[in-house]
Each structure stands twice: as C-alpha cells, then as structure tokens.
Amino acid sequence: MSANKNSPAIPGSGVGTPDAQQLRTILIAVSLALMAVVASVSGLNVAQTHLAVEFDASQSTVLWIINIYTLALAALLLPLGAIGDRLGRKPMLVAGLGIFGAANVVAGVAPTAEVMLAARVAGGIGAAMIMPITLAVITSTFPQEQRGKAIGVWTGVAGGGGILGMFLSALLVDVADWRWLFVLPVILVVVALAMTLKSVPNSRERSVHSFDTVGALLSSVAAVGLIFVLQEGPEHGWTAPLTLFSLAVGVIGAIGFVAWELHRRDAALLDVRLFRERGLAGGSITLLVVFGVQAGIAVVLFPFFQAVLGWSGLLSTLALMPMAVMMMAASGAAAKLAARIGPRPTMAAGIALTAAGLALMALFVSADGGYHGYLTVLPGMLAMGVGMGLSMTPSTEAITGSLSREKQGVASALNDVTREFGTALGVALLGALVSAGYRNAIDDKLNGIPQSAADVARDGIANAVEVAPSTGTHQQELLHAAQQSFIQGWQQAMWAGVALLGALLVYISLRGPKTAALAMDGSDTEVPETVTTG
C-alpha cells in the first residue's frame with residue numbers, strides 16, 4: 001500500500017496518509033460499494049409485476065420483498081457503524097461486501113418468495129455494514145483540504161445512485177429478465193472488494209468505554225417501528241391496529257434511546273447532547289427534509305410519466321436522469337462553494353433552489369402528452385437537482401465534522417439513518433397528499449361514467465388508466481378526468497413541499513452552521529488514541 005511517509009499517520013491504522021493515487025482508488029472503491037447498496041433500494045420497484053407472477057405472491061408479499069431490505073438497513077446502521085469503529089473499518093467493509101454480494105446471488109436464483117425474503121434481509125444487513133463505513137473511510141482517511149471534495153462525490157452517489165439504479169434495473173427488465181437485476185450489484189461488489197483489499201487502509205476507535213449494547217438495541221427498535229409505520233401505513237391505513245402498535249413501539253424506542261444516551265453521556269453510542277450544536281442539528285434536519293422531498297417527488301414523477309404522458313417504465317426512469325445528473329454534478333461543486341462562501345450560504349442556496357424547482361413544476365405542469373408535457377416539468381427538475389446537490393454535501397460534512405474522528409462510523413451511520421428516515425417520510429407524506437388531492441378532485445369529474453368504473457378510478461390514476469378501456473365511449477373522458485385530477489393532487493404536494501422547504505430555509509439562515517465543522521480533528525490534527533479496556 002502506497003503512502004506518504006512524511007504525512008501524519010491515520011489514527012488507528014499504523015500507516016501514513018495515502019498518496020493522491022491511492023486516495024483516488026479509495027474513493028472509487030467506496031463509491032462503487034455505496035452505488036451497489038443504494039441501487040438495491042430502488043431497483044426491485046420496477047419488477048413488482050414480475051415478482052408477483054414468478055412467486056405467485058400477493059401485492060403485500062411483493063411489497064415486503066422490496067421494503068424489508070430498507071427496514072433491515074435502517075435498523076442496523078447505527079449499531080454496525082459503531083461496531084465498525086471499534087473492530088476496524090476495513091474488516092467491517094470487507095465482511096459487509098461479502099455478505100451483501102452473497103445475498104444478491106441467492107436473491108437472483110431464489111426459487112420461492114420465502115428464500116427471496118431471507119436474501120433481502122441478509123442484503124440489508126450487509127448494506128448496513130457497508131453504507132456507514134464508506135463515508136467513515138473517507139472522513140478518517142482523506143486530509144482536511146481534500147475531504148470536502150470526496151464527501152461531495154459520496155453525496156452525489158448517495159443522492160443520484162437510486163435514480164441511476166432504477167434506470168439500469170428498468171433496462172435489464174426490459175431487455176433481459178428481472179433476475180438480472182441482481183447481477184449489477186454483484187459486479188459492483190466484486191470490483192469494490194478487490195479495490196478495498198488492495199488500497200483501503202484500516203482504522204479503528206480505541207475507547208475506554210464498553211460498547212453501548214442497550215443504546216444499540218433501542219436505536220434498532222426505534223428505527224424499525226418508525227420506518228415500518230411509514231412503509232405500511234399507506235397500505236394498511238394510518239389508524240389500523242398494526243400501524244398504531246408500530247408507531248407506539250417506534251416512539252417508545254426513540255424516547256428510551258434518547259433517555260439512555262443522556263444517561264451514558266460520554267460512553268453513549270451517540271451523544272445526543274451534540275444536537276445542540278448548529279452543525280449536527282442543521283445538517284441532520286436539512287438531509288431529512290431534502291431526501292424526503294426527493295423521494296416524495298420521485299414517487300410523484302414516475303406515475304406522471306407513465307399514466308399522464310403514457311411512457312414506458314424504461315423511458316420514465318430515463319426521464320428522471322437529468323435531475324440525477326445535475327444533483328451529482330452540484331454535489332461535487334458544493335464542497336468548493338462551501339469552502340469559499342461558507343456552508344450556511346451554500347445550504348441556503350441549495351434549499352432555495354430546490355423550493356424554486358418545486359414551484360416551477362407546480363406552476364407549469366401540464367397533462368399534454370409526449371415531450372411537451374415533459375418539457376413543462378424539466379426546468380423544475382433541473383433546479384431541484386442542483387439545489388439538492390448544493391445542500392447535501394455541506395450538510396453531510398457538517399454531520400461528520402461534529403463528531404470526533406474515532407466516532408466516524410457512528411457519524412456516518414447517523415447521516416445514513418437520517419437519509420433513510422427522510423426518504424420513508426417523504427414517500428408517505430407527499431404520496432398521501434397526491435392521493436388525497438386526486439380523490440378530492442376526481443369526484444366532481446365522474447358524472448356520466450359507469451358506477452363500477454368510477455369506483456375503480458377513485459383509487460388512483462393507474463387504476464383509472466386500467467379500467468378506462470372498459471367504459472366504451474367514456475374512455476377519453478375518464479382518462480382526461482384522471483389526468484387532470486392527478487395534476488391537481490401533484491400541485492397540492494408541490495406547494496406543501498415548497499412550504500416545508502421555506503421553513504427549512506428560515507431555520508438554516510438563522511441556525512445553520514457558520515463555518516465548516518472541525519470537531520472531527522480540529523485543525524486537521526490527530527485525536528489522541530486511548531486503549532480499549534471494555
């Protein structure tokens with residue numbers, strides 16, 4: 001392993017700071033690993049029908065196959081991030097890649113829904129070992145002057161990787177078979193594993209405190225309870241006994257976690273007192289809202305392209321790519337901008353641009369079919385992409401910079417949990433707003449439509465498109481009514497997003513981080529190591 005012998009050692013690694021070539025290799029390795037994890041979150045969404053047919057599965061089972069991966073990932077991020085800090089980040093990353101790769105191989109050949117579910121759980125566990133460590137490797141390895149740029153690349157992959165993964169998945173389903181969806185993550189894992197073994201240095205925490213087992217369990221309970229509510233609430237109903245029970249478990253777990261961490265203080269898994277600091281609080285809230293808006297808008301855009309514009313699944317995912325490209329480009333540029341004008345103005349500019357993008361789509365969206373309809377939302381998508389990219393990088397840097405170098409696995413896991421929770425929250429809330437707006441708008445437009453078809457159309461625009469041919473001469477009338485109603489629900493969700501981002505903009509303008517957070521290592525100096533006794 002090449003390293004600069006005159007550079008200070010990476011704490012816990014026993015080696016000097018890697019040279020420029022090795023740093024590039026490290027960044028490529030962790031980016032490929034992250035891409036595999038993020039792409040697997042959204043990839044199976046394009047194969048729901050194929051899964052139902054292949055396994056003779058109900059819609060509920062199909063949704064479990066898709067969602068259980070995210071549930072396992074979110075539940076274990078904080079505990080496994082902390083374990084990686086203690087046992088060594090490189091061994092944790094290597095083990096995670098091995099488990100994740102094997103799980104995807106099993107999923108690709110799964111003969112039953114039960115085997116697929118088990119493979120997806122294992123994949124989520126592997127992903128929880130990988131995701132926080134990829135960022136922790138960057139923050140603990142790259143020198144301060146290069147760290148912001150590397151974090152920008154990481155946030156670009158984390159933000160745009162889901163859309164890119166969905167496009168590649170749709171392409172594979174279209175030209176090959178749904179089981180080929182698992183080939184891409186396996187290839188990425190193999191390449192990332194080879195590069196990790198060769199180039200990624202190891203680093204680890206040396207703590208005088210025992211591992212916070214109770215805090216780890218409570219964090220998992222809280223994450224499972226709250227994420228489950230957001231995933232299953234729209235399906236089972238927000239007042240269903242299972243939903244309310246899960247909400248109670250999640251809230252009790254979260255309260256218990258905070259109380260226990262305050263009791264543990266310096267020995268806590270996550271010192272919640274740090275949320276009083278501008279960097280950690282501002283970065284976390286920004287990522288929560290921005291990722292919530294991104295996920296919610298993606299849920300709205302996909303049916304717009306398919307049901308309103310009449311595009312295929314593959315073309316619909318391709319239509320999302322300009323937003324992803326702008327997001328990834330802006331994430332890379334955000335580090336330089338934050339270094340020049342400060343993180344708070346950069347975050348504020350990004351939030352304002354994201355809100356402007358939503359407003360543009362709400363104002364100009366049209367139900368006109370084909371590319372004209374697409375052009376009415378494209379400017380808003382591009383503005384959103386740039387805005388999200390500008391806000392994500394300094395937010396991530398603020399979070400990781402708020403915790404010490406030896407706690408970077410926990411800091412990275414907190415960053416990831418915030419993203420996952422924001423994503424689930426955005427999908428649930430914005431999706432509910434669109435659905436409610438659609439139902440309220442279409443009721444007055446169904447006069448003269450056969451009652452049975454009208455009842456089906458009220459359930460959603462996809463249902464309306466499916467039942468429209470059975471209505472004979474009313475087909476075009478029903479389609480037009482459904483499309484216009486969806487646009488009204490769309491606008492309602494967009495303006496709600498603008499209001500939410502407006503509130504966030506005020507908060508960040510007043511309470512955002514003033515300067516780059518340096519708690520991780522001060523002026524890029526090393527944090528003294530202590531010997532583990534517990």
# chains A, B, ... in the order shown; residues from 1 in each chain; ligands from 1
call {"tool": "residues_around", "arguments": {"residues": "region 32-38 of chain A", "least_positions_apart": "5", "cutoff": "7 Å", "atoms": "only C-alpha atoms", "output": "ChimeraX atom specification"}}
result
/A:127,131,134,157-158,161-162,185,188-189,192
call {"tool": "residues_around", "arguments": {"residues": "Ala113 (chain A)", "least_positions_apart": "5", "cutoff": "10 Å", "atoms": "only C-alpha atoms", "output": "mmCIF file with all heavy atoms, in the first residue's frame"}}
result
data_model
loop_
_atom_site.group_PDB
_atom_site.id
_atom_site.type_symbol
_atom_site.label_atom_id
_atom_site.label_comp_id
_atom_site.auth_asym_id
_atom_site.auth_seq_id
_atom_site.Cartn_x
_atom_site.Cartn_y
_atom_site.Cartn_z
ATOM 1 N N LEU A 51 -42.281 -10.152 -9.951
ATOM 2 C CA LEU A 51 -42.176 -10.870 -8.683
ATOM 3 C C LEU A 51 -43.495 -11.554 -8.329
ATOM 4 O O LEU A 51 -43.509 -12.705 -7.872
ATOM 5 C CB LEU A 51 -41.787 -9.890 -7.566
ATOM 6 C CG LEU A 51 -40.361 -9.328 -7.606
ATOM 7 C CD1 LEU A 51 -40.208 -8.200 -6.596
ATOM 8 C CD2 LEU A 51 -39.334 -10.414 -7.335
ATOM 9 N N ALA A 52 -44.602 -10.840 -8.539
ATOM 10 C CA ALA A 52 -45.910 -11.403 -8.220
ATOM 11 C C ALA A 52 -46.198 -12.647 -9.053
ATOM 12 O O ALA A 52 -46.701 -13.657 -8.546
ATOM 13 C CB ALA A 52 -46.992 -10.342 -8.454
ATOM 14 N N GLU A 54 -43.867 -14.578 -10.728
ATOM 15 C CA GLU A 54 -42.853 -15.615 -10.511
ATOM 16 C C GLU A 54 -43.127 -16.422 -9.253
ATOM 17 O O GLU A 54 -42.996 -17.649 -9.239
ATOM 18 C CB GLU A 54 -41.469 -14.976 -10.416
ATOM 19 C CG GLU A 54 -40.325 -15.949 -10.196
ATOM 20 C CD GLU A 54 -39.956 -16.726 -11.445
ATOM 21 O OE1 GLU A 54 -40.310 -16.264 -12.564
ATOM 22 O OE2 GLU A 54 -39.316 -17.778 -11.329
ATOM 23 N N PHE A 55 -43.512 -15.740 -8.167
ATOM 24 C CA PHE A 55 -43.692 -16.412 -6.882
ATOM 25 C C PHE A 55 -45.160 -16.615 -6.522
ATOM 26 O O PHE A 55 -45.456 -17.052 -5.406
ATOM 27 C CB PHE A 55 -43.001 -15.603 -5.776
ATOM 28 C CG PHE A 55 -41.516 -15.460 -5.955
ATOM 29 C CD1 PHE A 55 -40.922 -14.206 -5.968
ATOM 30 C CD2 PHE A 55 -40.709 -16.575 -6.130
ATOM 31 C CE1 PHE A 55 -39.553 -14.064 -6.126
ATOM 32 C CE2 PHE A 55 -39.338 -16.450 -6.285
ATOM 33 C CZ PHE A 55 -38.756 -15.194 -6.296
ATOM 34 N N ASP A 56 -46.062 -16.290 -7.451
ATOM 35 C CA ASP A 56 -47.498 -16.364 -7.182
ATOM 36 C C ASP A 56 -47.799 -15.661 -5.858
ATOM 37 O O ASP A 56 -48.473 -16.192 -4.961
ATOM 38 C CB ASP A 56 -47.941 -17.828 -7.113
ATOM 39 C CG ASP A 56 -49.467 -17.960 -7.100
ATOM 40 O OD1 ASP A 56 -50.147 -17.014 -7.555
ATOM 41 O OD2 ASP A 56 -49.967 -18.994 -6.606
ATOM 42 N N ALA A 57 -47.265 -14.442 -5.738
ATOM 43 C CA ALA A 57 -47.297 -13.699 -4.472
ATOM 44 C C ALA A 57 -48.338 -12.589 -4.515
ATOM 45 O O ALA A 57 -48.623 -12.015 -5.567
ATOM 46 C CB ALA A 57 -45.918 -13.112 -4.178
ATOM 47 N N THR A 61 -47.005 -9.312 -0.161
ATOM 48 C CA THR A 61 -45.742 -10.054 -0.123
ATOM 49 C C THR A 61 -44.684 -9.376 -0.993
ATOM 50 O O THR A 61 -43.505 -9.274 -0.610
ATOM 51 C CB THR A 61 -45.948 -11.499 -0.591
ATOM 52 O OG1 THR A 61 -46.895 -12.137 0.264
ATOM 53 C CG2 THR A 61 -44.648 -12.277 -0.579
ATOM 54 N N VAL A 62 -45.104 -8.904 -2.156
ATOM 55 C CA VAL A 62 -44.175 -8.215 -3.051
ATOM 56 C C VAL A 62 -43.609 -6.970 -2.371
ATOM 57 O O VAL A 62 -42.397 -6.694 -2.435
ATOM 58 C CB VAL A 62 -44.872 -7.845 -4.378
ATOM 59 C CG1 VAL A 62 -43.987 -6.921 -5.212
ATOM 60 C CG2 VAL A 62 -45.208 -9.102 -5.167
ATOM 61 N N TRP A 64 -43.312 -6.483 0.791
ATOM 62 C CA TRP A 64 -42.396 -6.922 1.837
ATOM 63 C C TRP A 64 -41.030 -7.272 1.249
ATOM 64 O O TRP A 64 -39.989 -6.962 1.847
ATOM 65 C CB TRP A 64 -42.973 -8.124 2.590
ATOM 66 C CG TRP A 64 -43.712 -7.752 3.821
ATOM 67 C CD1 TRP A 64 -45.055 -7.781 4.032
ATOM 68 C CD2 TRP A 64 -43.136 -7.246 5.036
ATOM 69 N NE1 TRP A 64 -45.362 -7.335 5.290
ATOM 70 C CE2 TRP A 64 -44.197 -7.003 5.934
ATOM 71 C CE3 TRP A 64 -41.835 -6.978 5.446
ATOM 72 C CZ2 TRP A 64 -44.001 -6.503 7.223
ATOM 73 C CZ3 TRP A 64 -41.624 -6.477 6.736
ATOM 74 C CH2 TRP A 64 -42.701 -6.252 7.597
ATOM 75 N N ILE A 65 -41.011 -7.922 0.105
ATOM 76 C CA ILE A 65 -39.732 -8.248 -0.543
ATOM 77 C C ILE A 65 -38.943 -6.979 -0.837
ATOM 78 O O ILE A 65 -37.710 -6.940 -0.673
ATOM 79 C CB ILE A 65 -39.988 -9.047 -1.843
ATOM 80 C CG1 ILE A 65 -40.505 -10.451 -1.514
ATOM 81 C CG2 ILE A 65 -38.716 -9.141 -2.686
ATOM 82 C CD1 ILE A 65 -40.949 -11.245 -2.733
ATOM 83 N N ALA A 107 -30.578 -14.134 -3.959
ATOM 84 C CA ALA A 107 -31.810 -13.494 -4.428
ATOM 85 C C ALA A 107 -32.010 -13.716 -5.928
ATOM 86 O O ALA A 107 -33.137 -13.913 -6.395
ATOM 87 C CB ALA A 107 -31.775 -12.001 -4.114
ATOM 88 N N ALA A 118 -35.598 -13.891 2.783
ATOM 89 C CA ALA A 118 -34.404 -14.119 3.602
ATOM 90 C C ALA A 118 -33.177 -13.480 2.962
ATOM 91 O O ALA A 118 -32.336 -12.876 3.656
ATOM 92 C CB ALA A 118 -34.190 -15.624 3.787
ATOM 93 N N ALA A 119 -33.072 -13.586 1.644
ATOM 94 C CA ALA A 119 -31.936 -12.997 0.941
ATOM 95 C C ALA A 119 -31.958 -11.481 1.037
ATOM 96 O O ALA A 119 -30.909 -10.830 1.192
ATOM 97 C CB ALA A 119 -31.943 -13.425 -0.529
#
call {"tool": "closest_residue", "arguments": {"among": "A:Ala338, A:Ala359, A:Val221, A:Val365", "to": "Ala499 (chain A)", "atoms": "only C-alpha atoms"}}
result
A:Ala359
call {"tool": "residues_around", "arguments": {"residues": "region 224-241 of chain A", "least_positions_apart": "2", "cutoff": "9 Å", "atoms": "only C-alpha atoms", "output": "MDAnalysis selection string"}}
result
chainID A and resid 60 67 70:72 74:75 219:222 243:251 253:254 420:421 424:425 427:429 431:432
call {"tool": "residues_around", "arguments": {"residues": "Phe364 (chain A)", "least_positions_apart": "3", "cutoff": "7 Å", "atoms": "only C-alpha atoms", "output": "compact mmCIF listing (two decimals) with N, CA and C atoms, in the first residue's frame"}}
result
# COMPACT_ATOMS: atom_id res chain seq x y z
N LEU A 360 -41.74 25.75 -9.74
CA LEU A 360 -41.80 25.74 -11.21
C LEU A 360 -42.66 24.58 -11.71
N MET A 361 -42.48 23.40 -11.11
CA MET A 361 -43.28 22.25 -11.55
C MET A 361 -44.75 22.43 -11.21
N THR A 376 -42.60 20.76 -19.63
CA THR A 376 -43.20 21.65 -18.63
C THR A 376 -42.64 21.40 -17.23
N VAL A 377 -42.09 20.20 -16.98
CA VAL A 377 -41.55 19.90 -15.65
C VAL A 377 -40.03 19.84 -15.64
call {"tool": "select_by_dssp", "arguments": {"residues": "region 142-286 of chain A", "states": "helix (DSSP H, G or I)", "output": "ChimeraX atom specification"}}
result
/A:144-175,178-199,213-236,241-267,272-276,278-286
call {"tool": "residues_around", "arguments": {"residues": "region 384-387 of chain A", "least_positions_apart": "6", "cutoff": "10 Å", "atoms": "only C-alpha atoms", "output": "short mmCIF file (atom, residue, chain, number, x, y, z; two decimals) with N, CA, C and O atoms, in the first residue's frame"}}
result
data_model
loop_
_atom_site.label_atom_id
_atom_site.label_comp_id
_atom_site.auth_asym_id
_atom_site.auth_seq_id
_atom_site.Cartn_x
_atom_site.Cartn_y
_atom_site.Cartn_z
N GLY A 159 -27.14 10.37 -3.50
CA GLY A 159 -28.35 11.04 -3.95
C GLY A 159 -28.83 10.59 -5.31
O GLY A 159 -30.01 10.32 -5.52
N GLY A 160 -27.89 10.49 -6.27
CA GLY A 160 -28.27 10.13 -7.63
C GLY A 160 -28.22 8.65 -7.93
O GLY A 160 -28.76 8.20 -8.95
N VAL A 290 -34.58 17.35 2.72
CA VAL A 290 -34.21 17.29 1.30
C VAL A 290 -34.40 15.89 0.73
O VAL A 290 -34.95 15.71 -0.37
N VAL A 293 -38.13 15.22 0.39
CA VAL A 293 -38.69 15.86 -0.80
C VAL A 293 -38.27 15.10 -2.06
O VAL A 293 -39.08 14.84 -2.96
N GLN A 294 -36.98 14.72 -2.14
CA GLN A 294 -36.50 14.00 -3.32
C GLN A 294 -37.27 12.70 -3.53
O GLN A 294 -37.74 12.40 -4.63
N ILE A 297 -40.99 13.36 -4.45
CA ILE A 297 -41.16 13.85 -5.81
C ILE A 297 -40.94 12.71 -6.81
O ILE A 297 -41.63 12.63 -7.84
N MET A 321 -33.28 10.98 -15.22
CA MET A 321 -31.83 11.06 -15.21
C MET A 321 -31.28 12.49 -15.21
O MET A 321 -30.26 12.76 -14.56
N PRO A 322 -31.89 13.46 -15.96
CA PRO A 322 -31.33 14.82 -15.89
C PRO A 322 -31.26 15.37 -14.47
O PRO A 322 -30.29 16.05 -14.11
N MET A 323 -32.27 15.09 -13.66
CA MET A 323 -32.25 15.55 -12.28
C MET A 323 -31.12 14.89 -11.50
O MET A 323 -30.41 15.54 -10.72
N ALA A 324 -30.92 13.58 -11.73
CA ALA A 324 -29.84 12.87 -11.04
C ALA A 324 -28.47 13.39 -11.47
O ALA A 324 -27.58 13.55 -10.62
N VAL A 325 -28.30 13.64 -12.75
CA VAL A 325 -27.01 14.14 -13.25
C VAL A 325 -26.69 15.51 -12.64
O VAL A 325 -25.57 15.77 -12.19
N MET A 326 -27.69 16.40 -12.62
CA MET A 326 -27.47 17.72 -12.03
C MET A 326 -27.17 17.63 -10.54
O MET A 326 -26.34 18.37 -10.01
N MET A 327 -27.84 16.71 -9.87
CA MET A 327 -27.60 16.51 -8.44
C MET A 327 -26.18 16.06 -8.18
O MET A 327 -25.49 16.58 -7.28
N MET A 328 -25.70 15.10 -8.95
CA MET A 328 -24.35 14.57 -8.75
C MET A 328 -23.31 15.62 -9.09
O MET A 328 -22.29 15.76 -8.39
N ALA A 329 -23.53 16.40 -10.15
CA ALA A 329 -22.58 17.45 -10.53
C ALA A 329 -22.53 18.55 -9.46
O ALA A 329 -21.45 19.02 -9.07
N ALA A 330 -23.70 18.95 -8.97
CA ALA A 330 -23.76 20.01 -7.96
C ALA A 330 -23.16 19.54 -6.63
O ALA A 330 -22.55 20.34 -5.91
N SER A 331 -23.33 18.27 -6.31
CA SER A 331 -22.73 17.73 -5.07
C SER A 331 -21.22 17.86 -5.10
O SER A 331 -20.59 18.20 -4.10
N ALA A 333 -19.51 20.09 -6.85
CA ALA A 333 -19.13 21.51 -6.83
C ALA A 333 -19.42 22.17 -5.49
O ALA A 333 -18.83 23.22 -5.16
N ALA A 334 -20.31 21.59 -4.70
CA ALA A 334 -20.74 22.22 -3.45
C ALA A 334 -19.61 22.38 -2.45
O ALA A 334 -19.59 23.34 -1.68
N THR A 346 -24.24 28.18 1.33
CA THR A 346 -24.35 27.13 0.32
C THR A 346 -25.59 26.29 0.56
O THR A 346 -26.35 25.98 -0.38
N MET A 347 -25.81 25.89 1.81
CA MET A 347 -27.01 25.11 2.14
C MET A 347 -28.28 25.91 1.85
O MET A 347 -29.25 25.39 1.29
N ALA A 348 -28.27 27.20 2.22
CA ALA A 348 -29.44 28.05 1.99
C ALA A 348 -29.74 28.19 0.51
O ALA A 348 -30.90 28.13 0.07
N ALA A 349 -28.68 28.38 -0.29
CA ALA A 349 -28.87 28.49 -1.75
C ALA A 349 -29.45 27.20 -2.32
O ALA A 349 -30.35 27.23 -3.18
N GLY A 350 -28.95 26.07 -1.84
CA GLY A 350 -29.46 24.79 -2.32
C GLY A 350 -30.92 24.58 -1.95
O GLY A 350 -31.73 24.12 -2.78
N ILE A 351 -31.27 24.91 -0.71
CA ILE A 351 -32.67 24.76 -0.27
C ILE A 351 -33.59 25.68 -1.08
O ILE A 351 -34.68 25.27 -1.51
N ALA A 352 -33.15 26.92 -1.32
CA ALA A 352 -33.95 27.87 -2.09
C ALA A 352 -34.15 27.38 -3.53
O ALA A 352 -35.25 27.49 -4.08
N LEU A 353 -33.09 26.84 -4.13
CA LEU A 353 -33.21 26.32 -5.50
C LEU A 353 -34.14 25.12 -5.56
O LEU A 353 -34.92 24.97 -6.51
N THR A 354 -34.06 24.25 -4.56
CA THR A 354 -34.96 23.09 -4.52
C THR A 354 -36.41 23.53 -4.43
O THR A 354 -37.29 23.01 -5.14
N ALA A 355 -36.67 24.52 -3.56
CA ALA A 355 -38.03 25.05 -3.44
C ALA A 355 -38.48 25.70 -4.74
O ALA A 355 -39.64 25.54 -5.16
N ALA A 356 -37.57 26.42 -5.41
CA ALA A 356 -37.91 27.05 -6.68
C ALA A 356 -38.25 25.99 -7.73
O ALA A 356 -39.17 26.18 -8.54
N GLY A 357 -37.53 24.88 -7.72
CA GLY A 357 -37.82 23.79 -8.65
C GLY A 357 -39.21 23.22 -8.44
O GLY A 357 -39.96 22.98 -9.41
N LEU A 358 -39.60 23.02 -7.17
CA LEU A 358 -40.95 22.53 -6.88
C LEU A 358 -42.00 23.53 -7.35
O LEU A 358 -43.04 23.15 -7.91
N ALA A 359 -41.75 24.82 -7.10
CA ALA A 359 -42.70 25.85 -7.50
C ALA A 359 -42.85 25.89 -9.02
O ALA A 359 -43.97 26.04 -9.55
N LEU A 360 -41.74 25.75 -9.74
CA LEU A 360 -41.80 25.74 -11.21
C LEU A 360 -42.66 24.58 -11.71
O LEU A 360 -43.47 24.75 -12.64
N MET A 361 -42.48 23.40 -11.11
CA MET A 361 -43.28 22.25 -11.55
C MET A 361 -44.75 22.43 -11.21
O MET A 361 -45.63 22.07 -12.00
N LEU A 378 -39.39 19.78 -16.81
CA LEU A 378 -37.93 19.63 -16.87
C LEU A 378 -37.19 20.78 -16.18
O LEU A 378 -36.24 20.52 -15.42
#
call {"tool": "atom_distance", "arguments": {"atom1": "CA of Ser395 (chain A)", "atom2": "CA of Ala150 (chain A)"}}
result
13.7 Å
call {"tool": "closest_residue", "arguments": {"among": "A:Thr196, A:Asn440, A:Ser207, A:Gln476", "to": "Arg89 (chain A)", "atoms": "only C-alpha atoms"}}
result
A:Thr196
call {"tool": "atom_distance", "arguments": {"atom1": "CA of Gly370 (chain A)", "atom2": "CA of Phe291 (chain A)"}}
result
28.4 Å
call {"tool": "atom_distance", "arguments": {"atom1": "CA of Gly389 (chain A)", "atom2": "CA of Val94 (chain A)"}}
result
28.9 Å
call {"tool": "residues_around", "arguments": {"residues": "Gly165 (chain A)", "least_positions_apart": "5", "cutoff": "7 Å", "atoms": "only C-alpha atoms", "output": "compact mmCIF listing (two decimals) with all heavy atoms, in the first residue's frame"}}
result
# COMPACT_ATOMS: atom_id res chain seq x y z
N ALA A 39 -28.47 1.42 -5.15
CA ALA A 39 -29.23 0.92 -6.30
C ALA A 39 -30.18 -0.20 -5.89
O ALA A 39 -31.26 -0.37 -6.47
CB ALA A 39 -28.28 0.43 -7.38
N SER A 42 -33.92 0.84 -4.65
CA SER A 42 -34.98 1.18 -5.59
C SER A 42 -35.12 0.20 -6.75
O SER A 42 -36.14 0.21 -7.45
CB SER A 42 -34.74 2.58 -6.16
OG SER A 42 -33.47 2.64 -6.80
N GLY A 43 -34.13 -0.65 -6.97
CA GLY A 43 -34.09 -1.48 -8.18
C GLY A 43 -35.29 -2.39 -8.36
O GLY A 43 -35.84 -2.49 -9.46
call {"tool": "residues_around", "arguments": {"residues": "Ala436 (chain A)", "least_positions_apart": "2", "cutoff": "10 Å", "atoms": "only C-alpha atoms", "output": "PyMOL selection string"}}
result
chain A and resi 430-434+438-441+459-460+486+488-489+492-493
